[in-house]
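Novice: Handing you this structure, nothing more for now.
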Amino acid sequence: MVTLLDGKELAAKIKLEIAKEVASMINGGARAPHLAAVLVGEDPASQTYVASKEKNSHAVGMLSSIYRYPDTICEPELLEVVDFLNNDDEIDGFIVQLPLPRHIDEQKVIERILPVKDIDGFHPVNLGRMMLGLPALLPATPMGIMTMLERYDIDTAGKNCVVLGRSHIVGTPISILLSRKATPGNCTVTLCHSFTKDIPKHTREADILIIAMGRQHFVTGDMVKKDAVVIDVGMHRIPDESKKSGFRLTGDVDFDKVSKKCSYITPVPGGVGPMTIVSLLQNTLKAAKQYPQTP
Ligand code: GUN
């Protein structure tokens with residue numbers, strides 16, 4: 001029998017825990033943790049993500065601000081915005097929504113963010129600390145996956161974990177987190193990418209399979225070992241006139257076929273997505289606690 005890794009339900013539970021902590025901080029005289037987001041341009045997916053971050057921050061009693069700029073903003077102007085947020089004591093942390101317009105160097109912007117305010121966990125200092133197992137703000141999606149494995153009590157020690165995709169945001173950090181000496185962790189990790197020969201040969205050996213390829217329904221039933229744990233990070237908008245939004249969401253996994261073989265699987269939507277948002281809230285709380293607050 002397959003168990004659904006219900007990110008929506010788990011995220012709702014963790015948000016209640018966060019809300020309690022926020023309330024006790026406020027009762028103790030601190031101001032509410034404050035998460036800001038910088039949104040450049042009009043990309044519909046980015047607007048949806050940022051709106052969702054705002055809605056969820058408010059749901060747990062946090063403050064939220066969105067700084068919107070046209071896609072004509074130049075790099076020095078955007079770096080000034082980052083400096084402003086770095087120096088604003090009323091803001092505990094912020095994210096710069098990606099992708100940025102092509103004329104802006106994303107890495108330069110990320111490296112300008114103060115590591116203690118880097119809620120996305122993309123700064124090299126946070127990624128370096130993560131690699132060493134030191135306290136850090138972790139990248140939100142990998143952190144959400146780790147929380148999910150932990151809360152569902154999935155045993156990872158000594159398991160073969162195969163990760164498809166080596167992005168800086170998901171594939172590379174989750175491969176490091178799962179290979180660390182920790183719980184969850186202690187996996188033997190294989191990281192597959194565009195140069196990997198015979199990907200199905202690797203995926204069929206996976207006890208835990210994490211897919212962050214950005215290729216719709218790439219993983220088919222024959223690629224998965226019986227009773228594997230399957231985590232689908234893919235998110236694709238498929239035009240669908242029967243939906244109010246005009247689209248439905250689907251992942252990198254052929255859910256109908258794969259779910260018949262595996263022991264646990266994340267749905268899309270409602271799997272990894274809500275866990276990513278909850279990780280941002282957890283990071284905001286962590287950043288806020290780093291600063292002794294005065295009312
Ligand atoms: N664009 C897609 N995913 C992300 C994310 O996790 N953080 C930011 N800042 N932008 C993104």
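So you can find residues: chains in the structure tokens are A, B, ... in the order shown, residues in each start at 1, and ligands are numbered from 1 in order.
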Please find the residues contacting ligand 1 at a distance of at most 8 Å between atoms, with only C-alpha atoms and all ligand atoms counted, and report them as a list of chain:residue names.

Specialist: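 What falls inside 8 Å of ligand 1 is A:Ser46, A:Tyr49, A:Ile95, A:Val96, A:Gln97, A:Leu98, A:Pro99, A:Asp120, A:Pro139, A:Ala140, A:Thr141, A:Ile169, A:Thr276.
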
Novice: Export all heavy atoms of the chosen residues as an mmCIF file, in the first residue's frame?

Specialist:
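Listing of selection27.cif after writing:
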```cif
data_model
loop_
_atom_site.group_PDB
_atom_site.id
_atom_site.type_symbol
_atom_site.label_atom_id
_atom_site.label_comp_id
_atom_site.auth_asym_id
_atom_site.auth_seq_id
_atom_site.Cartn_x
_atom_site.Cartn_y
_atom_site.Cartn_z
ATOM 1 N N SER A 46 6.326 33.702 -10.712
ATOM 2 C CA SER A 46 6.999 34.415 -9.612
ATOM 3 C C SER A 46 5.980 35.203 -8.787
ATOM 4 O O SER A 46 6.061 35.237 -7.553
ATOM 5 C CB SER A 46 8.046 35.381 -10.165
ATOM 6 O OG SER A 46 9.109 34.665 -10.725
ATOM 7 N N TYR A 49 4.201 32.775 -6.525
ATOM 8 C CA TYR A 49 5.038 32.330 -5.399
ATOM 9 C C TYR A 49 5.108 33.410 -4.323
ATOM 10 O O TYR A 49 4.954 33.139 -3.137
ATOM 11 C CB TYR A 49 6.480 32.039 -5.853
ATOM 12 C CG TYR A 49 6.655 30.824 -6.728
ATOM 13 C CD1 TYR A 49 7.572 30.833 -7.770
ATOM 14 C CD2 TYR A 49 5.927 29.664 -6.505
ATOM 15 C CE1 TYR A 49 7.749 29.725 -8.595
ATOM 16 C CE2 TYR A 49 6.098 28.555 -7.321
ATOM 17 C CZ TYR A 49 7.010 28.593 -8.358
ATOM 18 O OH TYR A 49 7.173 27.498 -9.163
ATOM 19 N N ILE A 95 13.948 37.494 0.614
ATOM 20 C CA ILE A 95 14.325 36.706 -0.558
ATOM 21 C C ILE A 95 14.249 37.620 -1.777
ATOM 22 O O ILE A 95 13.468 38.567 -1.797
ATOM 23 C CB ILE A 95 13.390 35.507 -0.773
ATOM 24 C CG1 ILE A 95 11.950 35.990 -0.988
ATOM 25 C CG2 ILE A 95 13.383 34.563 0.415
ATOM 26 C CD1 ILE A 95 11.270 35.198 -2.018
ATOM 27 N N VAL A 96 15.089 37.350 -2.745
ATOM 28 C CA VAL A 96 14.961 37.999 -4.050
ATOM 29 C C VAL A 96 14.432 36.913 -4.975
ATOM 30 O O VAL A 96 15.114 35.901 -5.203
ATOM 31 C CB VAL A 96 16.315 38.538 -4.548
ATOM 32 C CG1 VAL A 96 16.157 39.170 -5.936
ATOM 33 C CG2 VAL A 96 16.891 39.552 -3.554
ATOM 34 N N GLN A 97 13.204 37.094 -5.447
ATOM 35 C CA GLN A 97 12.587 36.048 -6.261
ATOM 36 C C GLN A 97 13.359 35.863 -7.571
ATOM 37 O O GLN A 97 13.667 36.838 -8.254
ATOM 38 C CB GLN A 97 11.115 36.412 -6.536
ATOM 39 C CG GLN A 97 10.325 35.353 -7.251
ATOM 40 C CD GLN A 97 10.161 34.055 -6.460
ATOM 41 O OE1 GLN A 97 10.031 34.076 -5.243
ATOM 42 N NE2 GLN A 97 10.194 32.929 -7.140
ATOM 43 N N LEU A 98 13.633 34.620 -7.908
ATOM 44 C CA LEU A 98 14.327 34.293 -9.155
ATOM 45 C C LEU A 98 13.310 33.709 -10.143
ATOM 46 O O LEU A 98 12.297 33.187 -9.715
ATOM 47 C CB LEU A 98 15.435 33.267 -8.871
ATOM 48 C CG LEU A 98 16.452 33.667 -7.810
ATOM 49 C CD1 LEU A 98 17.441 32.520 -7.584
ATOM 50 C CD2 LEU A 98 17.187 34.938 -8.174
ATOM 51 N N PRO A 99 13.501 33.757 -11.431
ATOM 52 C CA PRO A 99 14.674 34.318 -12.109
ATOM 53 C C PRO A 99 14.632 35.844 -12.182
ATOM 54 O O PRO A 99 13.557 36.442 -12.148
ATOM 55 C CB PRO A 99 14.555 33.715 -13.515
ATOM 56 C CG PRO A 99 13.079 33.491 -13.724
ATOM 57 C CD PRO A 99 12.515 33.188 -12.361
ATOM 58 N N ASP A 120 16.406 32.349 1.755
ATOM 59 C CA ASP A 120 16.447 31.282 0.750
ATOM 60 C C ASP A 120 17.598 30.311 0.971
ATOM 61 O O ASP A 120 17.636 29.232 0.362
ATOM 62 C CB ASP A 120 16.642 31.893 -0.648
ATOM 63 C CG ASP A 120 15.326 32.087 -1.380
ATOM 64 O OD1 ASP A 120 14.420 31.265 -1.179
ATOM 65 O OD2 ASP A 120 15.236 33.041 -2.168
ATOM 66 N N PRO A 139 18.558 25.952 2.158
ATOM 67 C CA PRO A 139 17.679 26.213 1.014
ATOM 68 C C PRO A 139 16.303 25.586 1.246
ATOM 69 O O PRO A 139 16.215 24.452 1.740
ATOM 70 C CB PRO A 139 18.392 25.557 -0.165
ATOM 71 C CG PRO A 139 19.773 25.283 0.288
ATOM 72 C CD PRO A 139 19.758 25.196 1.779
ATOM 73 N N ALA A 140 15.260 26.332 0.909
ATOM 74 C CA ALA A 140 13.908 25.988 1.373
ATOM 75 C C ALA A 140 13.389 24.639 0.853
ATOM 76 O O ALA A 140 12.798 23.876 1.622
ATOM 77 C CB ALA A 140 12.948 27.111 0.997
ATOM 78 N N THR A 141 13.582 24.344 -0.419
ATOM 79 C CA THR A 141 12.999 23.097 -0.940
ATOM 80 C C THR A 141 13.704 21.866 -0.353
ATOM 81 O O THR A 141 13.034 20.961 0.169
ATOM 82 C CB THR A 141 13.000 23.096 -2.484
ATOM 83 O OG1 THR A 141 12.209 24.203 -2.919
ATOM 84 C CG2 THR A 141 12.421 21.813 -3.053
ATOM 85 N N ILE A 169 19.619 25.074 -6.385
ATOM 86 C CA ILE A 169 18.476 25.307 -5.494
ATOM 87 C C ILE A 169 17.982 23.998 -4.870
ATOM 88 O O ILE A 169 17.588 23.962 -3.717
ATOM 89 C CB ILE A 169 17.339 26.013 -6.284
ATOM 90 C CG1 ILE A 169 17.767 27.429 -6.676
ATOM 91 C CG2 ILE A 169 16.044 26.019 -5.517
ATOM 92 C CD1 ILE A 169 16.704 28.221 -7.427
ATOM 93 N N THR A 276 8.078 23.767 0.934
ATOM 94 C CA THR A 276 9.045 24.824 0.616
ATOM 95 C C THR A 276 8.641 26.116 1.320
ATOM 96 O O THR A 276 9.463 26.783 1.955
ATOM 97 C CB THR A 276 9.103 25.050 -0.915
ATOM 98 O OG1 THR A 276 9.548 23.838 -1.522
ATOM 99 C CG2 THR A 276 10.037 26.168 -1.286
#
```

Novice: Env of Arg129 of chain A: 12 Å cut, atoms = only C-alpha atoms, seq-sep filter 3 positions within chain, self excluded. Answer as a list in words.

Specialist: Pro115, Val116, Gly121, Phe122, His123, Pro124, Val125, Asn126, Leu132, Gly133, Leu134, Pro135, Ala136, Leu137, Leu138, Pro139, Pro173, Ile176 and Leu177 of chain A

Novice: Name the residues in contact with Ala37 of chain A at a cut-off of 12 Å, using only C-alpha atoms, excluding same-chain residues fewer than 4 positions from it; report them as a ChimeraX atom specification.

Specialist: /A:46-47,49-54,57,63-69,81-82,85,91-98,117-120,280,284

Novice: Using only C-alpha atoms, please write the residues we just selected to a file, as an mmCIF file, in the first residue's frame.

Specialist:
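After the write, selection.cif holds the following:
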```
data_model
loop_
_atom_site.group_PDB
_atom_site.id
_atom_site.type_symbol
_atom_site.label_atom_id
_atom_site.label_comp_id
_atom_site.auth_asym_id
_atom_site.auth_seq_id
_atom_site.Cartn_x
_atom_site.Cartn_y
_atom_site.Cartn_z
ATOM 1 C CA SER A 46 6.999 34.415 -9.612
ATOM 2 C CA GLN A 47 3.985 36.578 -8.736
ATOM 3 C CA TYR A 49 5.038 32.330 -5.399
ATOM 4 C CA VAL A 50 5.528 35.736 -3.799
ATOM 5 C CA ALA A 51 1.795 36.158 -3.125
ATOM 6 C CA SER A 52 1.764 32.732 -1.491
ATOM 7 C CA LYS A 53 4.743 33.668 0.708
ATOM 8 C CA GLU A 54 2.890 36.796 1.845
ATOM 9 C CA SER A 57 3.536 34.756 6.540
ATOM 10 C CA LEU A 63 4.878 40.616 8.975
ATOM 11 C CA SER A 64 5.471 40.601 5.246
ATOM 12 C CA SER A 65 6.508 43.201 2.687
ATOM 13 C CA ILE A 66 6.830 42.932 -1.065
ATOM 14 C CA TYR A 67 9.194 45.272 -2.919
ATOM 15 C CA ARG A 68 8.141 45.360 -6.588
ATOM 16 C CA TYR A 69 10.300 46.679 -9.423
ATOM 17 C CA VAL A 81 17.616 47.561 -2.654
ATOM 18 C CA VAL A 82 19.508 44.589 -1.192
ATOM 19 C CA LEU A 85 17.041 45.510 3.283
ATOM 20 C CA ILE A 91 13.250 43.203 8.511
ATOM 21 C CA ASP A 92 14.589 39.870 9.767
ATOM 22 C CA GLY A 93 15.172 38.330 6.386
ATOM 23 C CA PHE A 94 14.287 38.515 2.728
ATOM 24 C CA ILE A 95 14.325 36.706 -0.558
ATOM 25 C CA VAL A 96 14.961 37.999 -4.050
ATOM 26 C CA GLN A 97 12.587 36.048 -6.261
ATOM 27 C CA LEU A 98 14.327 34.293 -9.155
ATOM 28 C CA LYS A 117 19.086 37.529 6.361
ATOM 29 C CA ASP A 118 19.349 35.015 3.510
ATOM 30 C CA ILE A 119 15.979 33.274 3.987
ATOM 31 C CA ASP A 120 16.447 31.282 0.750
ATOM 32 C CA LEU A 280 10.839 29.823 4.415
ATOM 33 C CA THR A 284 12.374 33.600 8.991
#
```

Novice: Suppose you want the space between atom CA of Gly171 of chain A and atom CA of Leu285 of chain A; what is it in Å?

Specialist: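 Those two atoms sit 24.8 Å apart.
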
Novice: Of the candidates A:Glu80, A:Asp198, A:Asp227, A:Asp207, which one gets nearest to Ala157 of chain A if we count only C-alpha atoms?

Specialist: A:Asp207

Novice: Using DSSP on the backbone coordinates, identify the residues of segment 193-224 of chain A assigned to helix (DSSP H, G or I); present them as a ChimeraX atom specification.

Specialist: /A:199-203,221-223

Novice: Could you write those residues out with all heavy atoms, as a PDB file, in the first residue's frame?

Specialist:
```pdb
ATOM      1  N   ILE A 199      20.257   6.644 -17.039  1.00  0.00           N
ATOM      2  CA  ILE A 199      19.604   7.097 -15.799  1.00  0.00           C
ATOM      3  C   ILE A 199      18.691   5.996 -15.211  1.00  0.00           C
ATOM      4  O   ILE A 199      18.745   5.761 -13.988  1.00  0.00           O
ATOM      5  CB  ILE A 199      18.849   8.435 -16.039  1.00  0.00           C
ATOM      6  CG1 ILE A 199      19.881   9.567 -16.201  1.00  0.00           C
ATOM      7  CG2 ILE A 199      17.887   8.745 -14.886  1.00  0.00           C
ATOM      8  CD1 ILE A 199      19.305  10.945 -16.432  1.00  0.00           C
ATOM      9  N   PRO A 200      17.887   5.293 -16.028  1.00  0.00           N
ATOM     10  CA  PRO A 200      17.014   4.250 -15.428  1.00  0.00           C
ATOM     11  C   PRO A 200      17.789   3.185 -14.651  1.00  0.00           C
ATOM     12  O   PRO A 200      17.301   2.668 -13.641  1.00  0.00           O
ATOM     13  CB  PRO A 200      16.301   3.639 -16.638  1.00  0.00           C
ATOM     14  CG  PRO A 200      16.305   4.737 -17.661  1.00  0.00           C
ATOM     15  CD  PRO A 200      17.611   5.463 -17.466  1.00  0.00           C
ATOM     16  N   LYS A 201      19.017   2.884 -15.088  1.00  0.00           N
ATOM     17  CA  LYS A 201      19.826   1.899 -14.347  1.00  0.00           C
ATOM     18  C   LYS A 201      20.032   2.385 -12.899  1.00  0.00           C
ATOM     19  O   LYS A 201      19.981   1.598 -11.952  1.00  0.00           O
ATOM     20  CB  LYS A 201      21.183   1.725 -15.053  1.00  0.00           C
ATOM     21  CG  LYS A 201      22.043   0.636 -14.455  1.00  0.00           C
ATOM     22  CD  LYS A 201      23.417   0.568 -15.090  1.00  0.00           C
ATOM     23  CE  LYS A 201      24.341   1.513 -14.364  1.00  0.00           C
ATOM     24  NZ  LYS A 201      25.683   1.613 -14.868  1.00  0.00           N
ATOM     25  N   HIS A 202      20.262   3.678 -12.752  1.00  0.00           N
ATOM     26  CA  HIS A 202      20.463   4.239 -11.408  1.00  0.00           C
ATOM     27  C   HIS A 202      19.147   4.309 -10.630  1.00  0.00           C
ATOM     28  O   HIS A 202      19.097   3.934  -9.461  1.00  0.00           O
ATOM     29  CB  HIS A 202      21.073   5.645 -11.510  1.00  0.00           C
ATOM     30  CG  HIS A 202      22.470   5.639 -12.045  1.00  0.00           C
ATOM     31  ND1 HIS A 202      23.546   5.250 -11.296  1.00  0.00           N
ATOM     32  CD2 HIS A 202      22.952   5.955 -13.264  1.00  0.00           C
ATOM     33  CE1 HIS A 202      24.647   5.326 -12.024  1.00  0.00           C
ATOM     34  NE2 HIS A 202      24.310   5.747 -13.229  1.00  0.00           N
ATOM     35  N   THR A 203      18.098   4.808 -11.286  1.00  0.00           N
ATOM     36  CA  THR A 203      16.840   5.011 -10.543  1.00  0.00           C
ATOM     37  C   THR A 203      16.282   3.673 -10.035  1.00  0.00           C
ATOM     38  O   THR A 203      15.673   3.636  -8.966  1.00  0.00           O
ATOM     39  CB  THR A 203      15.770   5.718 -11.406  1.00  0.00           C
ATOM     40  OG1 THR A 203      15.513   4.932 -12.574  1.00  0.00           O
ATOM     41  CG2 THR A 203      16.209   7.118 -11.806  1.00  0.00           C
ATOM     42  N   GLY A 221       6.877   4.246 -14.545  1.00  0.00           N
ATOM     43  CA  GLY A 221       6.780   3.115 -13.615  1.00  0.00           C
ATOM     44  C   GLY A 221       7.961   2.161 -13.677  1.00  0.00           C
ATOM     45  O   GLY A 221       8.446   1.697 -12.647  1.00  0.00           O
ATOM     46  N   ASP A 222       8.454   1.892 -14.888  1.00  0.00           N
ATOM     47  CA  ASP A 222       9.539   0.907 -15.043  1.00  0.00           C
ATOM     48  C   ASP A 222      10.884   1.425 -14.519  1.00  0.00           C
ATOM     49  O   ASP A 222      11.843   0.660 -14.449  1.00  0.00           O
ATOM     50  CB  ASP A 222       9.683   0.524 -16.526  1.00  0.00           C
ATOM     51  CG  ASP A 222       9.995   1.733 -17.383  1.00  0.00           C
ATOM     52  OD1 ASP A 222       9.343   2.781 -17.168  1.00  0.00           O
ATOM     53  OD2 ASP A 222      10.899   1.658 -18.228  1.00  0.00           O
ATOM     54  N   MET A 223      10.954   2.694 -14.159  1.00  0.00           N
ATOM     55  CA  MET A 223      12.222   3.258 -13.676  1.00  0.00           C
ATOM     56  C   MET A 223      12.348   3.195 -12.152  1.00  0.00           C
ATOM     57  O   MET A 223      13.360   3.621 -11.595  1.00  0.00           O
ATOM     58  CB  MET A 223      12.356   4.731 -14.106  1.00  0.00           C
ATOM     59  CG  MET A 223      12.593   4.902 -15.592  1.00  0.00           C
ATOM     60  SD  MET A 223      12.432   6.621 -16.092  1.00  0.00           S
ATOM     61  CE  MET A 223      13.866   7.375 -15.323  1.00  0.00           C
TER      62      MET A 223
END
```

Novice: Return the single residue from A:Gly144, A:Pro184, A:Gly234, A:Gly271 that is closest to Gly165 of chain A, with distances computed using only C-alpha atoms.

Specialist: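 Of the candidates, the smallest distance to Gly165 of chain A is held by A:Gly234.
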
Novice: Taking only C-alpha atoms into account, which of A:Ile113, A:Met1, A:Leu149, A:Leu10 comes nearest Thr183 of chain A?

Specialist: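 The closest residue to Thr183 of chain A is A:Leu149.
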
Novice: DSSP on the backbone, then: every residue of segment 29-213 of chain A marked strand (DSSP E), written as an MDAnalysis selection string.

Specialist: chainID A and resid 34:40 63:69 93:96 160:164 188:192 208:211

Novice: Filtering to N, CA, C and O atoms, could you give me those residues as a short mmCIF file (atom, residue, chain, number, x, y, z; two decimals), in the first residue's frame?

Specialist:
```cif
data_model
loop_
_atom_site.label_atom_id
_atom_site.label_comp_id
_atom_site.auth_asym_id
_atom_site.auth_seq_id
_atom_site.Cartn_x
_atom_site.Cartn_y
_atom_site.Cartn_z
N HIS A 34 9.64 39.42 10.52
CA HIS A 34 9.26 40.15 9.29
C HIS A 34 10.05 39.60 8.10
O HIS A 34 11.28 39.66 8.09
N LEU A 35 9.31 39.05 7.13
CA LEU A 35 9.91 38.50 5.90
C LEU A 35 9.60 39.43 4.74
O LEU A 35 8.44 39.79 4.53
N ALA A 36 10.61 39.84 4.01
CA ALA A 36 10.38 40.67 2.82
C ALA A 36 10.72 39.87 1.56
O ALA A 36 11.51 38.93 1.60
N ALA A 37 10.08 40.26 0.46
CA ALA A 37 10.37 39.62 -0.83
C ALA A 37 10.58 40.72 -1.86
O ALA A 37 9.87 41.72 -1.87
N VAL A 38 11.58 40.52 -2.70
CA VAL A 38 11.84 41.46 -3.80
C VAL A 38 11.38 40.77 -5.08
O VAL A 38 11.82 39.66 -5.38
N LEU A 39 10.50 41.44 -5.79
CA LEU A 39 9.93 40.85 -7.02
C LEU A 39 10.24 41.77 -8.20
O LEU A 39 9.82 42.93 -8.21
N VAL A 40 10.97 41.27 -9.15
CA VAL A 40 11.34 42.07 -10.32
C VAL A 40 10.58 41.52 -11.54
O VAL A 40 10.64 40.32 -11.82
N LEU A 63 5.02 39.46 9.86
CA LEU A 63 4.88 40.62 8.97
C LEU A 63 5.50 40.27 7.63
O LEU A 63 6.43 39.47 7.54
N SER A 64 4.96 40.91 6.58
CA SER A 64 5.47 40.60 5.25
C SER A 64 5.45 41.87 4.40
O SER A 64 4.52 42.67 4.49
N SER A 65 6.48 42.06 3.61
CA SER A 65 6.51 43.20 2.69
C SER A 65 6.96 42.70 1.33
O SER A 65 7.83 41.82 1.25
N ILE A 66 6.37 43.27 0.28
CA ILE A 66 6.83 42.93 -1.06
C ILE A 66 7.36 44.22 -1.71
O ILE A 66 6.68 45.24 -1.71
N TYR A 67 8.58 44.14 -2.21
CA TYR A 67 9.19 45.27 -2.92
C TYR A 67 9.17 44.93 -4.40
O TYR A 67 9.86 44.02 -4.85
N ARG A 68 8.33 45.68 -5.15
CA ARG A 68 8.14 45.36 -6.59
C ARG A 68 8.89 46.35 -7.46
O ARG A 68 8.84 47.56 -7.22
N TYR A 69 9.56 45.82 -8.48
CA TYR A 69 10.30 46.68 -9.42
C TYR A 69 10.05 46.20 -10.85
O TYR A 69 9.85 45.00 -11.08
N GLY A 93 14.58 39.05 7.50
CA GLY A 93 15.17 38.33 6.39
C GLY A 93 14.39 38.60 5.13
O GLY A 93 13.26 39.09 5.19
N PHE A 94 15.00 38.27 3.99
CA PHE A 94 14.29 38.52 2.73
C PHE A 94 14.76 37.55 1.65
O PHE A 94 15.81 36.92 1.78
N ILE A 95 13.95 37.49 0.61
CA ILE A 95 14.33 36.71 -0.56
C ILE A 95 14.25 37.62 -1.78
O ILE A 95 13.47 38.57 -1.80
N VAL A 96 15.09 37.35 -2.74
CA VAL A 96 14.96 38.00 -4.05
C VAL A 96 14.43 36.91 -4.97
O VAL A 96 15.11 35.90 -5.20
N ASN A 160 20.06 3.68 -0.38
CA ASN A 160 20.54 4.26 -1.64
C ASN A 160 19.59 5.37 -2.03
O ASN A 160 18.39 5.13 -2.23
N CYS A 161 20.13 6.59 -2.13
CA CYS A 161 19.30 7.71 -2.55
C CYS A 161 19.80 8.19 -3.92
O CYS A 161 21.00 8.44 -4.08
N VAL A 162 18.89 8.29 -4.87
CA VAL A 162 19.26 8.80 -6.19
C VAL A 162 18.54 10.13 -6.40
O VAL A 162 17.33 10.22 -6.20
N VAL A 163 19.33 11.16 -6.74
CA VAL A 163 18.78 12.50 -7.00
C VAL A 163 18.92 12.77 -8.49
O VAL A 163 20.02 12.60 -9.05
N LEU A 164 17.82 13.18 -9.13
CA LEU A 164 17.90 13.54 -10.55
C LEU A 164 17.87 15.06 -10.66
O LEU A 164 16.88 15.70 -10.28
N THR A 188 23.59 6.72 0.99
CA THR A 188 24.59 6.65 -0.08
C THR A 188 23.93 7.33 -1.28
O THR A 188 22.92 6.83 -1.79
N VAL A 189 24.47 8.48 -1.66
CA VAL A 189 23.76 9.32 -2.64
C VAL A 189 24.41 9.24 -4.02
O VAL A 189 25.63 9.32 -4.15
N THR A 190 23.57 9.10 -5.03
CA THR A 190 24.01 9.21 -6.43
C THR A 190 23.31 10.42 -7.03
O THR A 190 22.08 10.53 -6.94
N LEU A 191 24.09 11.33 -7.58
CA LEU A 191 23.50 12.54 -8.18
C LEU A 191 23.59 12.40 -9.71
O LEU A 191 24.69 12.41 -10.28
N CYS A 192 22.43 12.28 -10.35
CA CYS A 192 22.39 12.12 -11.81
C CYS A 192 22.12 13.47 -12.48
O CYS A 192 21.40 14.30 -11.93
N ILE A 208 15.40 5.65 -2.16
CA ILE A 208 14.78 6.98 -2.09
C ILE A 208 15.13 7.68 -3.40
O ILE A 208 16.31 7.77 -3.76
N LEU A 209 14.11 8.13 -4.11
CA LEU A 209 14.33 8.77 -5.42
C LEU A 209 13.78 10.19 -5.37
O LEU A 209 12.60 10.40 -5.07
N ILE A 210 14.67 11.15 -5.62
CA ILE A 210 14.27 12.56 -5.58
C ILE A 210 14.44 13.15 -6.97
O ILE A 210 15.54 13.09 -7.54
N ILE A 211 13.35 13.69 -7.53
CA ILE A 211 13.40 14.12 -8.92
C ILE A 211 13.20 15.63 -9.00
O ILE A 211 12.15 16.15 -8.63
#
```

Novice: Given only C-alpha atoms as the basis, pick out the residue of A:Asn56, A:Thr172, A:Thr3, A:Pro44 nearest to Lys15 of chain A.

Specialist: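 Comparing A:Asn56, A:Thr172, A:Thr3, A:Pro44 against Lys15 of chain A, the winner is A:Asn56.
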
Novice: Which one is closest to Thr147 of chain A: A:Ala19, A:Val2, A:Val272, A:Tyr264? Count only C-alpha atoms.

Specialist: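 For Thr147 of chain A, the nearest of the candidates is A:Val272.
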
Novice: From the set A:Phe218, A:Val224, A:Asn86, A:Gly185, which residue has the shortest atom-to-atom contact distance to Arg204 of chain A, counting only C-alpha atoms?

Specialist: A:Val224

Novice: Can you list, as number ranges by chain, every protein, DNA or RNA residue that comes within 10 Å of Ile73 of chain A when you count only C-alpha atoms, leaving out same-chain residues fewer than 3 positions away?

Specialist: A: 40-41, 69-70, 76-78, 101, 103-104

Novice: Write a file of the selected residues as a short mmCIF file (atom, residue, chain, number, x, y, z; two decimals), in the first residue's frame, keeping N, CA and C atoms.

Specialist:
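selection.cif written:
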```
data_model
loop_
_atom_site.label_atom_id
_atom_site.label_comp_id
_atom_site.auth_asym_id
_atom_site.auth_seq_id
_atom_site.Cartn_x
_atom_site.Cartn_y
_atom_site.Cartn_z
N VAL A 40 10.97 41.27 -9.15
CA VAL A 40 11.34 42.07 -10.32
C VAL A 40 10.58 41.52 -11.54
N GLY A 41 9.84 42.41 -12.22
CA GLY A 41 9.13 42.02 -13.45
C GLY A 41 7.77 41.43 -13.16
N TYR A 69 9.56 45.82 -8.48
CA TYR A 69 10.30 46.68 -9.42
C TYR A 69 10.05 46.20 -10.85
N PRO A 70 10.08 47.15 -11.81
CA PRO A 70 9.91 46.73 -13.22
C PRO A 70 11.14 45.98 -13.70
N PRO A 76 22.91 47.88 -10.47
CA PRO A 76 23.28 48.69 -9.31
C PRO A 76 22.07 49.11 -8.47
N GLU A 77 20.93 49.39 -9.14
CA GLU A 77 19.72 49.77 -8.39
C GLU A 77 19.23 48.60 -7.54
N LEU A 78 19.25 47.41 -8.10
CA LEU A 78 18.79 46.24 -7.35
C LEU A 78 19.74 45.95 -6.18
N PRO A 101 15.84 39.35 -14.51
CA PRO A 101 16.06 39.63 -15.94
C PRO A 101 17.51 39.33 -16.34
N HIS A 103 19.81 40.85 -17.82
CA HIS A 103 20.89 41.85 -17.68
C HIS A 103 21.38 41.95 -16.24
N ILE A 104 20.78 41.16 -15.33
CA ILE A 104 21.23 41.21 -13.92
C ILE A 104 21.91 39.89 -13.56
#
```

Novice: Applying 6 Å and only C-alpha atoms, which residues near segment 235-241 of chain A remain after dropping the ones on its own chain fewer than 3 positions away? List them as a ChimeraX atom specification.

Specialist: /A:246-251

Novice: Output all heavy atoms of each residue in that selection to a file, as a compact mmCIF listing (two decimals), in the first residue's frame.

Specialist:
```txt
# COMPACT_ATOMS: atom_id res chain seq x y z
N GLY A 246 -7.04 28.37 -15.54
CA GLY A 246 -6.66 28.10 -16.94
C GLY A 246 -5.54 27.05 -17.05
O GLY A 246 -5.10 26.73 -18.15
N PHE A 247 -5.06 26.53 -15.91
CA PHE A 247 -4.03 25.48 -15.97
C PHE A 247 -4.17 24.55 -14.77
O PHE A 247 -4.80 24.88 -13.77
CB PHE A 247 -2.62 26.10 -15.99
CG PHE A 247 -2.28 26.87 -14.74
CD1 PHE A 247 -1.76 26.24 -13.61
CD2 PHE A 247 -2.46 28.25 -14.69
CE1 PHE A 247 -1.45 26.96 -12.46
CE2 PHE A 247 -2.15 28.97 -13.53
CZ PHE A 247 -1.65 28.32 -12.43
N ARG A 248 -3.56 23.36 -14.93
CA ARG A 248 -3.41 22.48 -13.77
C ARG A 248 -1.91 22.19 -13.60
O ARG A 248 -1.13 22.45 -14.52
CB ARG A 248 -4.23 21.20 -13.94
CG ARG A 248 -3.75 20.31 -15.03
CD ARG A 248 -4.76 19.21 -15.35
NE ARG A 248 -4.59 18.77 -16.71
CZ ARG A 248 -3.67 17.91 -17.13
NH1 ARG A 248 -2.85 17.37 -16.26
NH2 ARG A 248 -3.55 17.60 -18.40
N LEU A 249 -1.56 21.69 -12.42
CA LEU A 249 -0.15 21.45 -12.14
C LEU A 249 0.16 19.96 -12.20
O LEU A 249 -0.67 19.14 -11.80
CB LEU A 249 0.21 21.98 -10.75
CG LEU A 249 0.15 23.49 -10.58
CD1 LEU A 249 0.32 23.87 -9.11
CD2 LEU A 249 1.21 24.20 -11.41
N THR A 250 1.33 19.65 -12.73
CA THR A 250 1.78 18.26 -12.70
C THR A 250 3.29 18.24 -12.46
O THR A 250 3.95 19.28 -12.55
CB THR A 250 1.36 17.53 -13.99
OG1 THR A 250 1.62 16.14 -13.83
CG2 THR A 250 2.10 18.05 -15.20
N GLY A 251 3.83 17.04 -12.16
CA GLY A 251 5.23 16.97 -11.75
C GLY A 251 6.14 16.27 -12.75
O GLY A 251 5.79 16.10 -13.92
```
